[in-house]
Structure formats: structure tokens, C-alpha cells
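Data from run22.cif: mmCIF, C-alpha atoms
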data_my_file
#
loop_
_atom_site.label_atom_id
_atom_site.label_comp_id
_atom_site.auth_asym_id
_atom_site.auth_seq_id
_atom_site.Cartn_x
_atom_site.Cartn_y
_atom_site.Cartn_z
CA MET A 1 60.04 -66.48 18.67
CA THR A 2 58.70 -63.75 16.50
CA THR A 3 58.55 -60.22 17.85
CA THR A 4 55.68 -58.04 16.60
CA LEU A 5 56.57 -54.42 16.34
CA PRO A 6 53.84 -51.94 17.26
CA THR A 7 52.33 -50.20 14.27
CA ARG A 8 52.20 -46.45 14.26
CA GLU A 9 48.73 -45.06 13.69
CA ALA A 10 48.46 -42.67 10.83
CA THR A 11 47.69 -39.12 11.90
CA PRO A 12 44.66 -37.82 10.01
CA THR A 13 45.39 -34.87 7.85
CA PRO A 14 43.28 -31.85 8.94
CA VAL A 15 40.76 -30.88 6.34
CA ALA A 16 40.12 -27.22 5.83
CA PRO A 17 36.45 -26.28 6.08
CA ALA A 18 34.76 -25.79 2.76
CA PRO A 19 34.29 -22.13 1.90
CA ALA A 20 30.77 -20.84 2.19
CA PRO A 21 29.06 -20.69 -1.17
CA ALA A 22 29.02 -17.26 -2.65
CA ARG A 23 25.68 -15.58 -2.44
CA ARG A 24 24.18 -15.44 -5.89
CA ARG A 25 22.59 -12.29 -7.07
CA ALA A 26 18.89 -12.62 -7.71
CA ASP A 27 17.93 -12.90 -11.34
CA PRO A 28 15.69 -9.88 -12.09
CA PHE A 29 13.59 -11.92 -14.50
CA ALA A 30 13.11 -14.63 -11.89
CA VAL A 31 12.10 -12.04 -9.30
CA VAL A 32 9.48 -10.64 -11.68
CA ARG A 33 8.22 -14.13 -12.52
CA HIS A 34 7.93 -15.15 -8.87
CA THR A 35 6.22 -11.86 -8.00
CA LEU A 36 3.64 -12.26 -10.76
CA THR A 37 2.95 -15.84 -9.67
CA LEU A 38 2.25 -14.77 -6.10
CA THR A 39 0.27 -11.79 -7.35
CA TRP A 40 -1.99 -14.23 -9.17
CA ARG A 41 -2.35 -16.19 -5.92
CA ASN A 42 -3.70 -13.07 -4.20
CA LEU A 43 -6.10 -12.39 -7.06
CA VAL A 44 -7.43 -15.94 -6.92
CA ARG A 45 -7.98 -15.50 -3.19
CA LEU A 46 -10.06 -12.40 -3.90
CA LYS A 47 -12.14 -14.47 -6.29
CA HIS A 48 -12.90 -17.02 -3.58
CA GLN A 49 -13.27 -14.41 -0.81
CA PRO A 50 -15.18 -11.52 -2.41
CA GLU A 51 -16.15 -10.23 1.04
CA GLN A 52 -12.71 -8.62 1.14
CA LEU A 53 -14.07 -6.03 -1.30
CA ILE A 54 -17.01 -5.01 0.89
CA ASP A 55 -15.15 -2.19 2.61
CA LEU A 56 -13.87 -0.88 -0.73
CA THR A 57 -17.34 -0.75 -2.21
CA LEU A 58 -19.33 0.56 0.76
CA GLN A 59 -16.85 2.96 2.38
CA PRO A 60 -16.66 5.52 -0.48
CA VAL A 61 -20.44 5.46 -0.83
CA ILE A 62 -20.94 6.10 2.90
CA PHE A 63 -18.37 8.91 3.05
CA THR A 64 -19.77 10.56 -0.07
CA VAL A 65 -23.35 10.50 1.20
CA MET A 66 -22.39 11.69 4.70
CA PHE A 67 -20.15 14.57 3.76
CA VAL A 68 -21.91 15.76 0.61
CA TYR A 69 -25.48 15.67 1.87
CA LEU A 70 -24.86 16.43 5.56
CA PHE A 71 -22.17 19.11 5.27
CA GLY A 72 -22.13 20.14 1.61
CA GLY A 73 -24.82 22.80 1.95
CA ALA A 74 -23.18 24.32 5.02
CA ILE A 75 -19.67 24.34 3.56
CA GLU A 76 -20.25 25.33 -0.07
CA GLY A 77 -23.90 26.38 -0.01
CA SER A 78 -24.73 23.72 -2.60
CA THR A 79 -24.41 19.94 -2.43
CA HIS A 80 -23.60 19.82 -6.15
CA GLU A 81 -20.73 22.30 -5.80
CA TYR A 82 -19.40 20.47 -2.76
CA LEU A 83 -19.60 17.15 -4.61
CA GLN A 84 -17.30 18.56 -7.29
CA PHE A 85 -14.90 19.66 -4.56
CA ALA A 86 -15.04 16.63 -2.27
CA LEU A 87 -15.17 13.63 -4.60
CA PRO A 88 -11.52 13.87 -5.79
CA GLY A 89 -10.52 13.91 -2.12
CA ILE A 90 -12.77 10.96 -1.33
CA LEU A 91 -11.05 9.13 -4.18
CA VAL A 92 -7.68 9.73 -2.49
CA GLN A 93 -9.00 8.79 0.94
CA THR A 94 -10.56 5.56 -0.31
CA VAL A 95 -7.37 4.32 -1.95
CA VAL A 96 -5.20 5.32 1.04
CA PHE A 97 -7.53 3.42 3.37
CA ALA A 98 -7.46 0.46 0.97
CA SER A 99 -3.67 0.29 1.29
CA LEU A 100 -4.10 -0.37 5.02
CA GLY A 101 -5.42 -3.81 4.13
CA THR A 102 -2.02 -4.83 2.75
CA GLY A 103 -0.50 -5.01 6.22
CA VAL A 104 -3.49 -6.82 7.68
CA GLY A 105 -3.42 -9.45 4.92
CA LEU A 106 0.33 -9.99 5.29
CA CYS A 107 0.09 -10.40 9.06
CA GLU A 108 -2.75 -12.89 8.65
CA ASP A 109 -0.75 -14.98 6.16
CA ILE A 110 2.34 -14.92 8.36
CA SER A 111 0.39 -15.94 11.46
CA LYS A 112 -1.12 -18.89 9.55
CA GLY A 113 2.31 -20.13 8.43
CA VAL A 114 1.83 -19.38 4.74
CA PHE A 115 5.05 -17.38 4.56
CA ASP A 116 6.97 -20.21 6.24
CA ARG A 117 6.12 -22.29 3.19
CA PHE A 118 7.34 -19.49 0.95
CA ARG A 119 10.67 -19.49 2.81
CA SER A 120 11.22 -23.14 1.89
CA LEU A 121 10.76 -22.43 -1.82
CA PRO A 122 13.64 -21.41 -4.11
CA ILE A 123 12.14 -17.99 -4.78
CA SER A 124 13.25 -14.43 -4.20
CA ARG A 125 12.66 -12.98 -0.74
CA TRP A 126 11.05 -9.99 -2.45
CA ALA A 127 8.44 -12.10 -4.20
CA PRO A 128 5.98 -12.90 -1.36
CA LEU A 129 5.91 -9.29 -0.19
CA ALA A 130 5.86 -7.72 -3.64
CA GLY A 131 3.19 -10.19 -4.75
CA ALA A 132 0.93 -9.12 -1.90
CA VAL A 133 1.45 -5.41 -2.60
CA VAL A 134 1.01 -5.68 -6.38
CA GLY A 135 -2.04 -7.89 -5.93
CA ASP A 136 -3.64 -5.21 -3.79
CA LEU A 137 -3.37 -2.77 -6.70
CA CYS A 138 -6.36 -4.56 -8.18
CA ARG A 139 -8.30 -3.74 -5.01
CA TYR A 140 -7.39 -0.09 -5.51
CA VAL A 141 -8.70 -0.20 -9.07
CA VAL A 142 -12.01 -1.57 -7.78
CA ALA A 143 -12.19 1.25 -5.22
CA ILE A 144 -11.49 3.88 -7.91
CA ALA A 145 -14.20 2.42 -10.14
CA VAL A 146 -16.73 2.55 -7.28
CA VAL A 147 -15.90 6.18 -6.49
CA PHE A 148 -16.26 7.29 -10.11
CA GLY A 149 -19.37 5.18 -10.67
CA PHE A 150 -21.25 6.37 -7.60
CA GLY A 151 -20.08 9.94 -8.05
CA SER A 152 -21.33 10.00 -11.62
CA ALA A 153 -24.68 8.57 -10.52
CA ILE A 154 -25.27 11.45 -8.09
CA GLY A 155 -24.02 14.23 -10.35
CA PHE A 156 -20.21 14.39 -10.35
CA ARG A 157 -18.72 15.29 -13.73
CA VAL A 158 -15.09 15.33 -14.80
CA GLN A 159 -14.38 18.78 -16.22
CA THR A 160 -11.17 17.85 -18.05
CA GLY A 161 -10.22 15.22 -20.63
CA PRO A 162 -9.44 11.49 -20.62
CA MET A 163 -5.67 12.09 -20.49
CA GLU A 164 -6.01 14.12 -17.30
CA THR A 165 -8.30 11.46 -15.81
CA ALA A 166 -5.80 8.72 -16.61
CA ALA A 167 -3.00 10.81 -15.09
CA ALA A 168 -5.05 11.32 -11.90
CA ILE A 169 -5.70 7.58 -11.57
CA GLY A 170 -2.04 6.77 -12.20
CA LEU A 171 -0.87 9.29 -9.59
CA VAL A 172 -3.21 7.84 -6.97
CA LEU A 173 -2.03 4.29 -7.73
CA VAL A 174 1.66 5.24 -7.52
CA PHE A 175 1.22 6.96 -4.17
CA SER A 176 -0.88 4.15 -2.68
CA PHE A 177 1.59 1.51 -3.93
CA ALA A 178 4.45 3.30 -2.18
CA MET A 179 2.43 3.88 0.98
CA SER A 180 1.33 0.26 1.18
CA TRP A 181 4.94 -0.68 2.00
CA ILE A 182 4.58 1.20 5.28
CA PHE A 183 1.63 -0.98 6.22
CA ALA A 184 3.41 -4.05 4.87
CA LEU A 185 6.20 -3.36 7.39
CA LEU A 186 3.59 -3.22 10.15
CA GLY A 187 2.20 -6.54 8.93
CA VAL A 188 5.62 -8.18 9.11
CA VAL A 189 6.58 -6.72 12.50
CA MET A 190 3.33 -7.21 14.41
CA ARG A 191 1.90 -10.58 15.41
CA ASN A 192 -1.82 -9.86 15.42
CA PRO A 193 -3.85 -8.60 12.42
CA ARG A 194 -6.03 -6.55 14.79
CA SER A 195 -2.95 -4.76 16.08
CA VAL A 196 -1.91 -4.00 12.53
CA GLN A 197 -5.34 -2.60 11.71
CA GLY A 198 -5.44 -0.41 14.83
CA THR A 199 -1.94 0.96 14.29
CA ALA A 200 -2.58 1.55 10.58
CA MET A 201 -5.69 3.57 11.45
CA LEU A 202 -3.56 5.78 13.70
CA VAL A 203 -1.43 6.52 10.63
CA GLY A 204 -4.25 6.77 8.09
CA PHE A 205 -6.67 9.06 9.91
CA PRO A 206 -4.27 12.01 10.48
CA LEU A 207 -3.09 11.72 6.88
CA THR A 208 -6.57 11.77 5.33
CA PHE A 209 -8.64 13.90 7.69
CA GLY A 210 -5.70 16.21 8.36
CA ALA A 211 -5.62 17.25 4.71
CA ASN A 212 -7.65 19.36 2.31
CA ILE A 213 -9.95 16.48 1.35
CA PHE A 214 -13.15 17.82 2.92
CA ALA A 215 -12.30 21.49 3.56
CA LYS A 216 -10.10 24.17 2.05
CA THR A 217 -6.78 24.77 3.78
CA GLU A 218 -7.31 28.52 4.22
CA THR A 219 -10.43 27.92 6.34
CA MET A 220 -8.47 26.05 9.03
CA PRO A 221 -6.64 27.41 12.10
CA GLY A 222 -3.03 28.40 11.60
CA TRP A 223 -1.54 25.52 13.57
CA LEU A 224 -3.56 23.03 11.55
CA GLN A 225 -2.67 24.71 8.27
CA ALA A 226 1.01 24.06 9.02
CA TRP A 227 0.36 20.31 9.19
CA VAL A 228 -2.02 20.28 6.21
CA LYS A 229 0.49 22.04 3.97
CA LEU A 230 3.20 19.54 4.99
CA ASN A 231 0.92 16.52 4.56
CA PRO A 232 1.68 14.60 1.30
CA VAL A 233 -2.00 13.68 0.99
CA THR A 234 -2.77 17.40 0.60
CA HIS A 235 -0.48 17.68 -2.42
CA LEU A 236 -1.93 14.49 -3.89
CA THR A 237 -5.50 15.73 -3.40
CA THR A 238 -4.70 19.13 -4.92
CA ALA A 239 -3.13 17.48 -7.96
CA ILE A 240 -6.09 15.12 -8.41
CA ARG A 241 -8.60 17.96 -7.98
CA ASN A 242 -6.82 20.05 -10.62
CA LEU A 243 -6.59 17.10 -12.99
CA LEU A 244 -10.27 16.18 -12.71
CA VAL A 245 -12.17 19.40 -11.99
CA ASP A 246 -10.33 22.69 -11.72
CA GLY A 247 -7.86 22.34 -14.57
CA GLY A 248 -5.30 24.34 -12.56
CA PRO A 249 -1.50 23.89 -12.39
CA VAL A 250 -0.53 20.34 -11.53
CA ALA A 251 3.25 20.08 -11.93
CA THR A 252 4.35 21.22 -8.47
CA ASP A 253 1.92 19.10 -6.47
CA ALA A 254 2.43 16.10 -8.75
CA LEU A 255 6.22 16.28 -8.40
CA ILE A 256 5.95 16.59 -4.61
CA THR A 257 3.64 13.55 -4.58
CA LEU A 258 6.04 11.54 -6.74
CA GLY A 259 8.93 12.60 -4.51
CA TRP A 260 7.10 11.38 -1.40
CA SER A 261 6.22 8.15 -3.20
CA ALA A 262 9.83 7.51 -4.22
CA GLY A 263 11.04 8.25 -0.70
CA MET A 264 8.51 5.92 0.96
CA PHE A 265 9.33 3.11 -1.45
CA ALA A 266 13.10 3.57 -1.13
CA VAL A 267 12.95 3.45 2.68
CA PHE A 268 10.16 1.04 3.56
CA ALA A 269 10.35 -1.57 0.78
CA PRO A 270 13.97 -2.69 1.52
CA LEU A 271 13.32 -2.37 5.27
CA THR A 272 10.27 -4.62 5.03
CA VAL A 273 12.21 -7.25 3.08
CA ARG A 274 15.07 -7.12 5.57
CA VAL A 275 12.74 -7.57 8.56
CA TYR A 276 11.00 -10.44 6.76
CA ARG A 277 14.33 -12.19 6.11
CA ASN A 278 15.34 -11.97 9.76
CA LYS A 279 11.91 -12.87 11.14
CA SER A 280 11.92 -16.22 12.96
#
Could you quickly redo this structure as C-alpha cells?
Amino acid sequence: MTTTLPTREATPTPVAPAPAPARRRADPFAVVRHTLTLTWRNLVRLKHQPEQLIDLTLQPVIFTVMFVYLFGGAIEGSTHEYLQFALPGILVQTVVFASLGTGVGLCEDISKGVFDRFRSLPISRWAPLAGAVVGDLCRYVVAIAVVFGFGSAIGFRVQTGPMETAAAIGLVLVFSFAMSWIFALLGVVMRNPRSVQGTAMLVGFPLTFGANIFAKTETMPGWLQAWVKLNPVTHLTTAIRNLLVDGGPVATDALITLGWSAGMFAVFAPLTVRVYRNKS
């Protein structure tokens, strides 16, 4: 009789969990390439939806006509003199209001699931947001062209040279690019494009109407002057007005504007990307 000895089961050797893959640093060239690709996407969308430019083309015309021909004679005694004073401010106001659309467009894309598709692609997390912001720079250029074109048609004349004009346009674009990240954050945080638009207006109106765009600072009450002098839009408007019309000193107001622009970008651009990464 054969006796079968029980076999001893082999004890499985514990396997250590595989280490998490190291997070690779984003390739700067890839980030730029992805951003430009998504910028082109936004430009193509403008081509197929030109109605998005209606507010940029009609708003500066309406504000110019209202303020120059309704209030210009009372404020400056001459509509032509007031046009020379007000149009640089209307240029600033138009581009600042145009930057509000960045947040609305982002919120609309996110609510439609477009950004969920972007998450599944092997692209930088900066690219969808930066592509939307950079694409909107073309909208700002359209707004600037409308302001200069309509202003020239009704009598506005640049009193300086082409270099000063180019510097004024560049300063406006830098400030609006930085400010658009504030509205981009609103577009990522909020769920409804209407909510983004309403909240952005609460930010945009005190910045533009609480500045020296339509009236001189010294004509305002003391408590309002304190806010106007602190307002970055005031320094931007003063710099643009000196670059285009007055020919006065520009360095101080331009440096303050660039400082505000750098601060807004440094704070709100990384914060917007971080919120976007964590958004479910």
C-alpha cells in the first residue's frame, strides 16, 4: 500500500507595488505648439461664428457717439476737443470689456464637454486655457481697429508718431491679456456662462467707469479720486492718452500698468490652471 504524503503549497512571494511614474516636466516647445494649435481652433470658430464680433464692433461706436455728442459740449465745451480726450479712454474700455468674453467662452466650452475631450489628449494642461486667451487677442485687435477707424472718421487725430501709436496698442494688449486671466478663472469656476458674464460686469464696470476715461480726475469728489488714482485702468488710460494725443510723460504710468499686468498674470494664470486641473 502506497502512502501519499501531502504536498506543501508554495507561499506566494509578496510583490512590492510598482513605484508611481515620475511626473515629467512639460516640454516648453510642446506647450507652445499645443497652445498655438488650440489658438487656431478659436480663430476658426470666429470665422464660422462672426456674430461674436458684433459687440466689439458696435460697442465702441455707441459709446463714442453717446459720450462725445451728448456730453462733450458740456464737459469740454467742444465735441472735437472732448473726442481727443475721450477716444483713448474708449479704446481702453473697449479692450477691457472684450476681455470679459474670455471667461464666458471658456465656461461655454466647459459646459458643453469640449474641455473633457482636451483632458483625454496628451497635451499640456496650460494649452486649452492659453489657447483661448491668446485667441482672444485677435478679438482685441479687431476692437482696436474699430475704435481707430470710427474715431478717425469723425475727426480724431493722433498727435504723435507711429512708434508712440504702436507702443499704445502694445500696452493695451499686454494689460488686457493679463486681465483676461481673471475672467478665465471665473469661466473655470462658474457653471453658467450667464453667471460669468454678470460677475465679470461687476468687475469691469467699476474699473472702467471708475477711472479717468470720460472725466478728469481733479473734477471728481475726493473719495472718488482716491479710488480713481488707485485704479490700474487710470494709469493705463493716462499712458495711452499721452502716447496718442498729449505727448506728455509716459514712463511712470506705463511702468505701473506693466507692474499690474505682471502681478495679475503671475497670480491668476497659475491659479486658473490649478483649478482647471482639479475640476471634475
Note to self: When the PyMOL selection byres ((chain A and resi 72) around 12) is applied to the structure above, which residues does it catch, written out as number ranges by chain?
What the structure shows: A: 63-71, 73-87, 214-215
Notebook entry, point to check: So, counting only C-alpha atoms, which residue among A:Trp40, A:Trp223, A:Tyr276, A:Tyr140 is closest to Val174 in chain A?
Noted result: A:Tyr140
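Minimum atom-to-atom distances from A:Ala153, A:Ile54, A:Met179, A:Leu185 to Leu271 in chain A were compared using all atoms listed in the file, and the lowest value belongs to A:Leu185.
Between CA of Thr102 in chain A and CA of Val142 in chain A the interatomic distance comes to 14.9 Å.
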Next item on the list: Pull the neighbourhood of (-7.9, 16.9, -8.5) for me: all residues within 12 Å in file coordinates, counting all atoms listed in the file, as a count of residues only.
Entry: 42
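The list of residues with at least one atom within 7 Å of range 111-125 of chain A, based on all atoms listed in the file and without residues fewer than 2 positions apart in the same chain, reads Ala26, Val31, His34, Cys107, Glu108, Asp109, Ala127, Pro128, Arg191 and Val273 of chain A.
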Item checked: Separation of CA of Thr217 in chain A from CA of Ala262 in chain A in Å -> 25.3 Å
Notebook entry, point to check: Around (9.8, -0.6, 3.5) in the file's own coordinates, what residues are found within 12 Å if you use all atoms listed in the file, given back as a ChimeraX atom specification?
Noted result: /A:103,126,129-130,133,177-189,261-276
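Using all atoms listed in the file for every distance, the candidate list A:Cys138, A:Met190, A:Val95, A:Ile256 yields A:Val95 as the residue closest to Pro60 in chain A.
The gap separating CA of Trp260 in chain A from CA of Asn231 in chain A is 10.0 Å, in Å to one decimal.
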Note to self: Need the shell around Gly198 in chain A: protein/DNA/RNA residues with any atom at most 10 Å away, counting only C-alpha atoms. Skip same-chain ones fewer than 5 positions apart. Format as a PyMOL selection string?
What the structure shows: chain A and resi 100+104+193+203-204
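Among the candidates A:Phe97, A:Thr252, A:Gly170, A:Gly135, the residue lying nearest to Leu202 in chain A is A:Phe97 (atoms considered: all atoms listed in the file).
With distances taken over all atoms listed in the file, A:Arg139 is the one residue among A:Arg277, A:Arg157, A:Arg139, A:Arg33 lying closest to Thr94 in chain A.
With all atoms listed in the file as the atoms that count, the residue of A:Gly131, A:Val228, A:Gly259, A:Gly149 with the shortest distance to Val32 in chain A is A:Gly131.
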